[in-house]
>>> print(open('start.txt').read())   # compact mmCIF, C-alpha atoms
# COMPACT_ATOMS: atom_id res chain seq x y z
CA MET Q 1 -5.23 -19.57 -10.86
CA TYR Q 2 -2.52 -22.19 -11.36
CA LYS Q 3 -3.55 -25.38 -13.15
CA LEU Q 4 -3.05 -28.79 -11.50
CA LEU Q 5 -3.32 -32.22 -13.11
CA ILE Q 6 -3.72 -35.35 -10.94
CA VAL Q 7 -2.34 -38.63 -12.30
CA GLU Q 8 -3.09 -41.67 -10.13
CA ASP Q 9 -4.23 -45.18 -11.03
CA GLU Q 10 -6.02 -45.90 -7.74
CA HIS Q 11 -9.52 -44.44 -7.95
CA LEU Q 12 -10.01 -43.71 -4.25
CA ILE Q 13 -6.63 -42.03 -3.87
CA ARG Q 14 -7.25 -40.02 -7.02
CA LYS Q 15 -10.54 -38.73 -5.62
CA TRP Q 16 -8.94 -38.03 -2.25
CA LEU Q 17 -6.26 -35.98 -3.96
CA ARG Q 18 -8.90 -34.01 -5.80
CA TYR Q 19 -11.18 -33.18 -2.88
CA ALA Q 20 -9.15 -33.43 0.33
CA ILE Q 21 -7.07 -30.29 -0.28
CA ASP Q 22 -8.37 -26.72 -0.26
CA TYR Q 23 -6.82 -25.86 -3.61
CA ASP Q 24 -8.72 -22.61 -3.96
CA SER Q 25 -6.92 -21.12 -0.94
CA LEU Q 26 -3.62 -21.76 -2.73
CA GLY Q 27 -4.77 -20.22 -6.00
CA ILE Q 28 -4.93 -23.63 -7.69
CA ILE Q 29 -7.60 -25.15 -9.91
CA VAL Q 30 -7.70 -28.89 -10.67
CA ILE Q 31 -8.09 -29.07 -14.44
CA GLY Q 32 -8.22 -32.84 -14.83
CA GLU Q 33 -7.41 -36.37 -13.74
CA ALA Q 34 -5.68 -39.28 -15.43
CA LYS Q 35 -5.63 -42.94 -14.43
CA ASP Q 36 -2.28 -43.83 -15.97
CA GLY Q 37 0.86 -42.27 -17.37
CA GLN Q 38 -0.23 -42.49 -20.98
CA GLU Q 39 -3.45 -40.61 -20.33
CA GLY Q 40 -1.45 -38.23 -18.15
CA ALA Q 41 0.97 -37.43 -20.97
CA GLN Q 42 -1.93 -36.73 -23.34
CA LYS Q 43 -3.59 -34.39 -20.84
CA ILE Q 44 -0.33 -32.58 -20.13
CA LYS Q 45 -0.05 -31.78 -23.82
CA GLU Q 46 -3.73 -30.78 -24.11
CA LEU Q 47 -4.30 -28.92 -20.84
CA LYS Q 48 -0.80 -27.49 -20.21
CA PRO Q 49 -0.85 -27.71 -16.39
CA ASP Q 50 1.45 -25.70 -14.18
CA ILE Q 51 1.75 -28.59 -11.70
CA VAL Q 52 1.42 -32.36 -12.10
CA LEU Q 53 0.74 -34.46 -9.01
CA THR Q 54 1.44 -38.07 -9.93
CA ASP Q 55 1.97 -41.60 -8.67
CA ILE Q 56 5.13 -43.37 -9.88
CA ASN Q 57 4.06 -46.91 -10.69
CA MET Q 58 1.00 -46.99 -12.96
CA PRO Q 59 -0.35 -49.18 -15.76
CA ILE Q 60 0.75 -48.65 -19.37
CA MET Q 61 3.21 -45.87 -18.59
CA SER Q 62 5.02 -44.92 -15.38
CA ALA Q 63 5.41 -41.36 -14.14
CA PHE Q 64 9.00 -41.27 -15.40
CA GLU Q 65 7.93 -42.43 -18.86
CA MET Q 66 5.15 -39.83 -18.78
CA PHE Q 67 7.70 -37.12 -17.96
CA GLU Q 68 9.82 -38.22 -20.89
CA ALA Q 69 6.80 -38.23 -23.22
CA SER Q 70 5.87 -34.68 -22.17
CA LYS Q 71 9.36 -33.22 -21.78
CA ASP Q 72 8.59 -30.41 -24.22
CA HIS Q 73 6.12 -28.97 -21.71
CA ASN Q 74 7.24 -27.01 -18.66
CA TYR Q 75 5.49 -27.93 -15.39
CA LYS Q 76 6.29 -28.58 -11.75
CA LYS Q 77 6.32 -32.24 -10.67
CA ILE Q 78 5.21 -33.75 -7.36
CA ILE Q 79 5.73 -37.50 -7.13
CA LEU Q 80 3.73 -39.85 -4.91
CA SER Q 81 4.88 -43.37 -4.20
CA GLY Q 82 4.32 -46.27 -1.87
CA TYR Q 83 7.96 -47.18 -2.38
CA ALA Q 84 10.13 -44.89 -0.28
CA ASP Q 85 13.42 -46.10 -1.66
CA PHE Q 86 16.49 -44.28 -2.81
CA SER Q 87 16.34 -45.36 -6.46
CA ASN Q 88 12.91 -43.83 -7.00
CA ALA Q 89 13.90 -40.65 -5.19
CA ARG Q 90 17.04 -40.36 -7.30
CA GLU Q 91 15.06 -40.91 -10.51
CA ALA Q 92 12.51 -38.31 -9.39
CA ILE Q 93 15.27 -35.75 -8.91
CA HIS Q 94 16.68 -36.63 -12.34
CA HIS Q 95 13.30 -35.74 -13.87
CA GLY Q 96 13.14 -32.44 -12.02
CA ALA Q 97 10.59 -33.39 -9.37
CA VAL Q 98 10.02 -30.67 -6.82
CA GLU Q 99 8.95 -33.08 -4.10
CA PHE Q 100 8.89 -36.81 -3.46
CA LEU Q 101 6.04 -37.81 -1.10
CA THR Q 102 5.38 -41.31 0.18
CA LYS Q 103 2.07 -43.02 0.81
CA PRO Q 104 0.07 -42.97 2.97
CA LEU Q 105 -0.05 -39.27 2.22
CA ASP Q 106 0.02 -36.62 4.89
CA LYS Q 107 -2.50 -33.89 4.05
CA ASP Q 108 -0.49 -31.13 5.73
CA ALA Q 109 2.72 -32.19 3.99
CA LEU Q 110 1.01 -32.11 0.59
CA PHE Q 111 -0.56 -28.72 1.31
CA SER Q 112 2.82 -27.35 2.38
CA CYS Q 113 4.49 -28.76 -0.72
CA LEU Q 114 1.90 -27.17 -3.00
CA GLY Q 115 2.29 -23.85 -1.20
CA LYS Q 116 6.04 -23.94 -1.79
CA ILE Q 117 5.53 -24.62 -5.48
CA ILE Q 118 3.05 -21.76 -5.84
CA SER Q 119 5.59 -19.42 -4.24
CA GLN Q 120 8.20 -20.59 -6.76
CA LEU Q 121 5.82 -20.10 -9.69
CA ARG Q 122 4.87 -16.61 -8.54
CA GLU Q 123 8.48 -15.60 -8.06
CA ARG Q 124 9.37 -16.92 -11.51
CA GLU Q 125 6.47 -15.05 -13.11
CA GLN Q 126 7.36 -11.85 -11.27
CA LEU Q 127 10.95 -12.02 -12.49
CA ASN Q 128 9.78 -12.82 -16.01
CA THR Q 129 7.36 -9.90 -15.99
CA GLN Q 130 10.00 -7.52 -14.66
CA ALA Q 131 12.45 -8.61 -17.35
CA ILE Q 132 9.91 -8.17 -20.15
CA THR Q 133 8.76 -4.80 -18.80
CA GLN Q 134 12.35 -3.52 -18.62
CA THR Q 135 12.92 -4.68 -22.19
CA TYR Q 136 10.42 -2.08 -23.40
CA ILE Q 137 10.16 0.52 -20.63
CA ASP Q 138 13.29 1.70 -18.85
CA LEU Q 139 11.87 4.01 -16.19
CA PRO Q 140 14.38 6.53 -14.81
CA ALA Q 141 15.46 5.57 -11.31
CA LEU Q 142 15.55 7.92 -8.35
CA THR Q 143 18.90 8.47 -6.66
CA ASP Q 144 20.00 10.00 -3.35
CA THR Q 145 21.45 13.01 -5.14
CA MET Q 146 18.11 14.10 -6.61
CA PRO Q 147 16.10 16.90 -4.98
CA ASP Q 148 13.06 15.95 -2.90
CA SER Q 149 10.85 17.71 -5.43
CA VAL Q 150 11.70 15.07 -8.07
CA GLU Q 151 10.74 12.28 -5.69
CA MET Q 152 7.52 14.15 -4.89
CA VAL Q 153 6.64 14.29 -8.58
CA VAL Q 154 7.29 10.57 -9.06
CA THR Q 155 5.33 9.66 -5.93
CA TRP Q 156 2.42 11.88 -7.04
CA ILE Q 157 2.31 10.24 -10.48
CA HIS Q 158 2.39 6.74 -8.97
CA LYS Q 159 -0.57 7.69 -6.77
CA HIS Q 160 -2.67 9.46 -9.41
CA TYR Q 161 -1.85 7.54 -12.62
CA LYS Q 162 -5.44 6.29 -13.03
CA GLU Q 163 -6.80 9.84 -13.02
CA LYS Q 164 -6.84 12.56 -15.68
CA ILE Q 165 -3.52 14.16 -14.82
CA THR Q 166 -2.70 17.83 -15.35
CA ILE Q 167 0.62 19.43 -14.54
CA ALA Q 168 -1.29 22.34 -12.99
CA GLN Q 169 -2.99 20.05 -10.47
CA MET Q 170 0.27 18.29 -9.71
CA ALA Q 171 2.06 21.61 -9.12
CA HIS Q 172 -0.76 22.79 -6.85
CA ASP Q 173 -0.67 19.59 -4.78
CA ILE Q 174 3.10 19.48 -4.47
CA GLY Q 175 3.55 23.21 -3.88
CA TYR Q 176 5.89 24.16 -6.70
CA SER Q 177 5.36 26.06 -9.93
CA GLU Q 178 4.69 24.18 -13.15
CA SER Q 179 7.83 25.57 -14.81
CA TYR Q 180 10.00 24.54 -11.86
CA LEU Q 181 8.66 20.98 -11.88
CA TYR Q 182 9.04 20.71 -15.63
CA ASN Q 183 12.69 21.85 -15.51
CA ILE Q 184 13.73 19.84 -12.43
CA VAL Q 185 12.24 16.61 -13.81
CA LYS Q 186 13.85 17.20 -17.20
CA LYS Q 187 17.22 17.81 -15.54
CA TYR Q 188 17.30 14.83 -13.18
CA LEU Q 189 15.17 12.20 -14.93
CA GLN Q 190 16.24 13.13 -18.46
CA THR Q 191 12.65 13.07 -19.64
CA THR Q 192 9.53 15.21 -19.54
CA ILE Q 193 6.76 14.83 -16.96
CA ASN Q 194 4.28 13.71 -19.62
CA ASP Q 195 6.75 11.20 -21.00
CA TYR Q 196 7.33 9.76 -17.53
CA ILE Q 197 3.58 9.50 -16.95
CA ASN Q 198 3.13 7.56 -20.19
CA GLN Q 199 6.11 5.31 -19.50
CA TYR Q 200 4.84 4.49 -16.02
CA ARG Q 201 1.33 3.77 -17.27
CA ILE Q 202 2.56 1.53 -20.09
CA SER Q 203 4.88 -0.36 -17.72
CA LEU Q 204 1.86 -1.09 -15.53
CA ALA Q 205 -0.14 -2.14 -18.60
CA ILE Q 206 2.57 -4.66 -19.51
CA GLN Q 207 2.51 -6.11 -16.00
CA LEU Q 208 -1.28 -6.42 -16.12
CA LEU Q 209 -1.12 -8.10 -19.52
CA MET Q 210 1.36 -10.68 -18.30
CA ASP Q 211 -0.86 -11.48 -15.33
CA GLN Q 212 -4.23 -11.20 -17.06
CA PRO Q 213 -3.74 -11.80 -20.80
CA ASP Q 214 -7.49 -11.98 -21.48
CA LYS Q 215 -8.04 -8.31 -20.69
CA LEU Q 216 -9.46 -6.33 -23.58
CA VAL Q 217 -7.69 -3.21 -24.82
CA TYR Q 218 -10.29 -0.81 -23.43
CA GLN Q 219 -10.24 -2.54 -20.02
CA LEU Q 220 -6.48 -2.36 -19.89
CA GLY Q 221 -6.45 1.29 -20.92
CA GLU Q 222 -8.98 2.27 -18.26
CA GLU Q 223 -6.97 0.53 -15.54
CA VAL Q 224 -3.87 2.57 -16.29
CA GLY Q 225 -5.50 5.94 -16.85
CA TYR Q 226 -6.57 6.11 -20.52
CA SER Q 227 -10.27 6.68 -21.20
CA ASP Q 228 -9.84 6.44 -24.99
CA TYR Q 229 -8.72 2.93 -25.88
CA ARG Q 230 -7.63 3.94 -29.38
CA TYR Q 231 -5.33 6.59 -27.97
CA PHE Q 232 -4.06 4.12 -25.38
CA ASP Q 233 -3.22 1.60 -28.11
CA ARG Q 234 -1.30 4.29 -30.00
CA VAL Q 235 0.67 5.26 -26.90
CA PHE Q 236 1.35 1.58 -26.16
CA LYS Q 237 2.70 1.07 -29.69
CA LYS Q 238 4.84 4.21 -29.42
CA TYR Q 239 6.72 2.87 -26.41
CA VAL Q 240 6.56 -0.88 -26.97
CA GLY Q 241 6.81 -0.98 -30.76
CA MET Q 242 3.65 -3.05 -31.23
CA THR Q 243 -0.04 -2.87 -30.46
CA VAL Q 244 -1.54 -4.43 -27.35
CA ASN Q 245 -2.85 -7.43 -29.29
CA GLN Q 246 0.48 -7.95 -31.02
CA PHE Q 247 2.20 -7.88 -27.64
CA LYS Q 248 -0.26 -10.43 -26.23
CA LYS Q 249 0.43 -12.83 -29.09
CA ARG Q 250 4.17 -12.55 -28.55
CA HIS Q 251 4.43 -12.69 -24.78
CA THR Q 252 1.44 -14.06 -22.90
CA VAL Q 253 2.17 -17.62 -24.02
CA GLU Q 254 5.32 -17.41 -21.86
CA LYS Q 255 3.31 -17.16 -18.64
>>> encode(input="start.txt", output="structure tokens")
Amino acid sequence: MYKLLIVEDEHLIRKWLRYAIDYDSLGIIVIGEAKDGQEGAQKIKELKPDIVLTDINMPIMSAFEMFEASKDHNYKKIILSGYADFSNAREAIHHGAVEFLTKPLDKDALFSCLGKIISQLREREQLNTQAITQTYIDLPALTDTMPDSVEMVVTWIHKHYKEKITIAQMAHDIGYSESYLYNIVKKYLQTTINDYINQYRISLAIQLLMDQPDKLVYQLGEEVGYSDYRYFDRVFKKYVGMTVNQFKKRHTVEK
């Protein structure tokens, strides 16, 4: 779920913003409210929202001052204002606002705006996860010049990675001998079948960790085909260079 903070000095509008939108359908959870920019800045630092939905003109501290006070934190900005003038819009863009919405608010417009932001956040996270995964696991890529049997092996592994894999079962299912599969994979993928299986499983484990950092080691291992979590942690360290918990400390804060 993506975290949303609402900053609005008018009580009724603040409550409308909290309850008028079906946030759950967008994968959003409202983590808090603030009645002015100063309180908003404090909550941004404490709660680390992914999105801040805020009025411009508020007591004590405006939205722009709040942005400046919390500039060390990365979050998407949606600005609400009863003043649909160019200067405010220009200032909003300067502060990196994703959208500038005027009051009275249109429910559909706000919903659409939030949906666009969620798409941007998901795309960013996907690219980030792919980059981190490729930093540690460089899976061999299939090419048009490779025999169909190599593609069959890769496809079979991707389908059965959660299971207890044996080369004998794979060979039986695909219809080739074990020795043939071993040699053809070694020739075209420059790795062994077992090594490819482990690399694929660990790449999936990294992706799961980036998306669900609270997963325990044994849960993560089971999801990618390792029944023994100690063995899984050893395999993870072999390919990644650190244990699962060490990886979590280094990378999950980037999400």
>>> residues_around(input="start.txt", residues="Leu209 in chain Q", least_positions_apart="6", cutoff="9 Å", atoms="only C-alpha atoms", output="PDB file with C-alpha atoms, in the frame of the given file")
ATOM      1  CA  LYS Q 215      -8.040  -8.310 -20.690  1.00  0.00           C
ATOM      2  CA  LEU Q 220      -6.480  -2.360 -19.890  1.00  0.00           C
ATOM      3  CA  VAL Q 244      -1.540  -4.430 -27.350  1.00  0.00           C
ATOM      4  CA  PHE Q 247       2.200  -7.880 -27.640  1.00  0.00           C
ATOM      5  CA  LYS Q 248      -0.260 -10.430 -26.230  1.00  0.00           C
ATOM      6  CA  HIS Q 251       4.430 -12.690 -24.780  1.00  0.00           C
ATOM      7  CA  THR Q 252       1.440 -14.060 -22.900  1.00  0.00           C
TER       8      THR Q 252
END
>>> residues_around(input="start.txt", residues="range 98-105 of chain Q", least_positions_apart="2", cutoff="6 Å", atoms="only C-alpha atoms", output="PyMOL selection string")
chain Q and resi 77-82+84
>>> residues_around(input="start.txt", residues="Ala171 in chain Q", least_positions_apart="6", cutoff="8 Å", atoms="only C-alpha atoms", output="number ranges by chain")
Q: 177-178, 181
>>> write_last_selection(input="start.txt", atoms="C-alpha atoms", output="CSV table (one decimal), in the coordinates of the input")
chain,number,residue,atom,x,y,z
Q,177,SER,CA,5.4,26.1,-9.9
Q,178,GLU,CA,4.7,24.2,-13.2
Q,181,LEU,CA,8.7,21.0,-11.9
>>> atom_distance(input="start.txt", atom1="CA of Tyr226 in chain Q", atom2="CA of Thr243 in chain Q")
14.9 Å
>>> closest_residue(input="start.txt", among="Q:Asp50, Q:Val154, Q:Met61, Q:Val217", to="Gln120 in chain Q", atoms="only C-alpha atoms")
Q:Asp50
>>> atom_distance(input="start.txt", atom1="CA of Met170 in chain Q", atom2="CA of Gln130 in chain Q")
28.0 Å
>>> closest_atom_pairs(input="start.txt", of="range 19-128 of chain Q", to="range 6-14 of chain Q", cutoff="8 Å", atoms="all atoms listed in the file", output="Markdown table")
| residue | atom | partner | partner_atom | distance |
| --- | --- | --- | --- | --- |
| Q:Val30 | CA | Q:Ile6 | CA | 7.6 |
| Q:Gly32 | CA | Q:Ile6 | CA | 6.5 |
| Q:Glu33 | CA | Q:Ile6 | CA | 4.7 |
| Q:Ala34 | CA | Q:Val7 | CA | 4.6 |
| Q:Lys35 | CA | Q:Asp9 | CA | 4.3 |
| Q:Asp36 | CA | Q:Asp9 | CA | 5.5 |
| Q:Gly37 | CA | Q:Val7 | CA | 7.0 |
| Q:Gly40 | CA | Q:Val7 | CA | 5.9 |
| Q:Val52 | CA | Q:Ile6 | CA | 6.1 |
| Q:Leu53 | CA | Q:Ile6 | CA | 4.9 |
| Q:Thr54 | CA | Q:Val7 | CA | 4.5 |
| Q:Asp55 | CA | Q:Glu8 | CA | 5.3 |
| Q:Met58 | CA | Q:Asp9 | CA | 5.9 |
| Q:Pro59 | CA | Q:Asp9 | CA | 7.3 |
>>> closest_residue(input="start.txt", among="Q:Asn74, Q:Thr133, Q:Gln169, Q:Asn128", to="Leu204 in chain Q", atoms="all atoms listed in the file")
Q:Thr133
>>> residues_around(input="start.txt", residues="Asp72 in chain Q", least_positions_apart="4", cutoff="12 Å", atoms="only C-alpha atoms", output="PyMOL selection string")
chain Q and resi 41+44-45+48+66-68
>>> atom_distance(input="start.txt", atom1="CA of Ala205 in chain Q", atom2="CA of Ile29 in chain Q")
25.7 Å
>>> residues_around(input="start.txt", residues="Ser119 in chain Q", least_positions_apart="4", cutoff="12 Å", atoms="all atoms listed in the file", output="list in words")
Tyr2, Leu26, Gly27, Ile28, Lys76, Ser112, Cys113, Leu114, Gly115, Glu123, Arg124, Glu125 and Gln126 of chain Q
>>> closest_residue(input="start.txt", among="Q:Val240, Q:Leu139, Q:Val150, Q:Ile21", to="Ile197 in chain Q", atoms="only C-alpha atoms")
Q:Leu139
>>> closest_residue(input="start.txt", among="Q:Asp144, Q:Met210, Q:Phe64, Q:Asn57", to="Lys249 in chain Q", atoms="only C-alpha atoms")
Q:Met210
>>> closest_residue(input="start.txt", among="Q:Pro213, Q:Thr145, Q:Asp106, Q:Ala168", to="Arg250 in chain Q", atoms="all atoms listed in the file")
Q:Pro213
>>> build_atoms(input="start.txt", residues="range 51-77 of chain Q", atoms="N, CA and C atoms", output="CSV table (one decimal), in the coordinates of the input")
chain,number,residue,atom,x,y,z
Q,51,ILE,N,1.3,-27.6,-12.7
Q,51,ILE,CA,1.8,-28.6,-11.7
Q,51,ILE,C,1.1,-29.9,-12.0
Q,52,VAL,N,1.9,-31.0,-11.9
Q,52,VAL,CA,1.4,-32.4,-12.1
Q,52,VAL,C,1.7,-33.1,-10.8
Q,53,LEU,N,0.7,-33.7,-10.2
Q,53,LEU,CA,0.7,-34.5,-9.0
Q,53,LEU,C,0.5,-35.9,-9.4
Q,54,THR,N,1.5,-36.8,-9.3
Q,54,THR,CA,1.4,-38.1,-9.9
Q,54,THR,C,2.0,-39.2,-9.1
Q,55,ASP,N,1.4,-40.4,-9.2
Q,55,ASP,CA,2.0,-41.6,-8.7
Q,55,ASP,C,3.2,-42.0,-9.6
Q,56,ILE,N,4.0,-42.9,-9.1
Q,56,ILE,CA,5.1,-43.4,-9.9
Q,56,ILE,C,4.7,-44.6,-10.7
Q,57,ASN,N,4.3,-45.6,-10.0
Q,57,ASN,CA,4.1,-46.9,-10.7
Q,57,ASN,C,2.6,-47.0,-11.1
Q,58,MET,N,2.4,-47.0,-12.4
Q,58,MET,CA,1.0,-47.0,-13.0
Q,58,MET,C,1.0,-47.9,-14.2
Q,59,PRO,N,-0.2,-48.4,-14.6
Q,59,PRO,CA,-0.4,-49.2,-15.8
Q,59,PRO,C,0.0,-48.4,-17.0
Q,60,ILE,N,0.4,-49.2,-18.0
Q,60,ILE,CA,0.8,-48.6,-19.4
Q,60,ILE,C,2.0,-47.8,-19.4
Q,61,MET,N,2.1,-46.8,-18.6
Q,61,MET,CA,3.2,-45.9,-18.6
Q,61,MET,C,3.5,-45.3,-17.2
Q,62,SER,N,4.7,-45.4,-16.7
Q,62,SER,CA,5.0,-44.9,-15.4
Q,62,SER,C,5.1,-43.4,-15.4
Q,63,ALA,N,5.3,-42.8,-14.2
Q,63,ALA,CA,5.4,-41.4,-14.1
Q,63,ALA,C,6.7,-40.9,-14.9
Q,64,PHE,N,7.8,-41.7,-14.8
Q,64,PHE,CA,9.0,-41.3,-15.4
Q,64,PHE,C,8.9,-41.3,-16.9
Q,65,GLU,N,8.2,-42.3,-17.4
Q,65,GLU,CA,7.9,-42.4,-18.9
Q,65,GLU,C,7.0,-41.3,-19.3
Q,66,MET,N,6.1,-40.9,-18.5
Q,66,MET,CA,5.2,-39.8,-18.8
Q,66,MET,C,5.9,-38.5,-18.9
Q,67,PHE,N,6.9,-38.3,-17.9
Q,67,PHE,CA,7.7,-37.1,-18.0
Q,67,PHE,C,8.5,-37.0,-19.3
Q,68,GLU,N,9.0,-38.2,-19.7
Q,68,GLU,CA,9.8,-38.2,-20.9
Q,68,GLU,C,8.9,-37.9,-22.1
Q,69,ALA,N,7.7,-38.4,-22.1
Q,69,ALA,CA,6.8,-38.2,-23.2
Q,69,ALA,C,6.3,-36.8,-23.3
Q,70,SER,N,6.4,-36.1,-22.2
Q,70,SER,CA,5.9,-34.7,-22.2
Q,70,SER,C,7.0,-33.7,-21.8
Q,71,LYS,N,8.2,-34.0,-22.2
Q,71,LYS,CA,9.4,-33.2,-21.8
Q,71,LYS,C,9.4,-31.9,-22.5
Q,72,ASP,N,8.6,-31.7,-23.5
Q,72,ASP,CA,8.6,-30.4,-24.2
Q,72,ASP,C,7.7,-29.4,-23.5
Q,73,HIS,N,7.0,-29.8,-22.5
Q,73,HIS,CA,6.1,-29.0,-21.7
Q,73,HIS,C,6.7,-28.7,-20.3
Q,74,ASN,N,6.6,-27.4,-19.9
Q,74,ASN,CA,7.2,-27.0,-18.7
Q,74,ASN,C,6.2,-27.0,-17.5
Q,75,TYR,N,6.4,-27.9,-16.5
Q,75,TYR,CA,5.5,-27.9,-15.4
Q,75,TYR,C,6.2,-28.5,-14.2
Q,76,LYS,N,5.7,-28.1,-13.0
Q,76,LYS,CA,6.3,-28.6,-11.8
Q,76,LYS,C,5.8,-30.0,-11.5
Q,77,LYS,N,6.7,-30.8,-10.9
Q,77,LYS,CA,6.3,-32.2,-10.7
Q,77,LYS,C,6.3,-32.6,-9.2
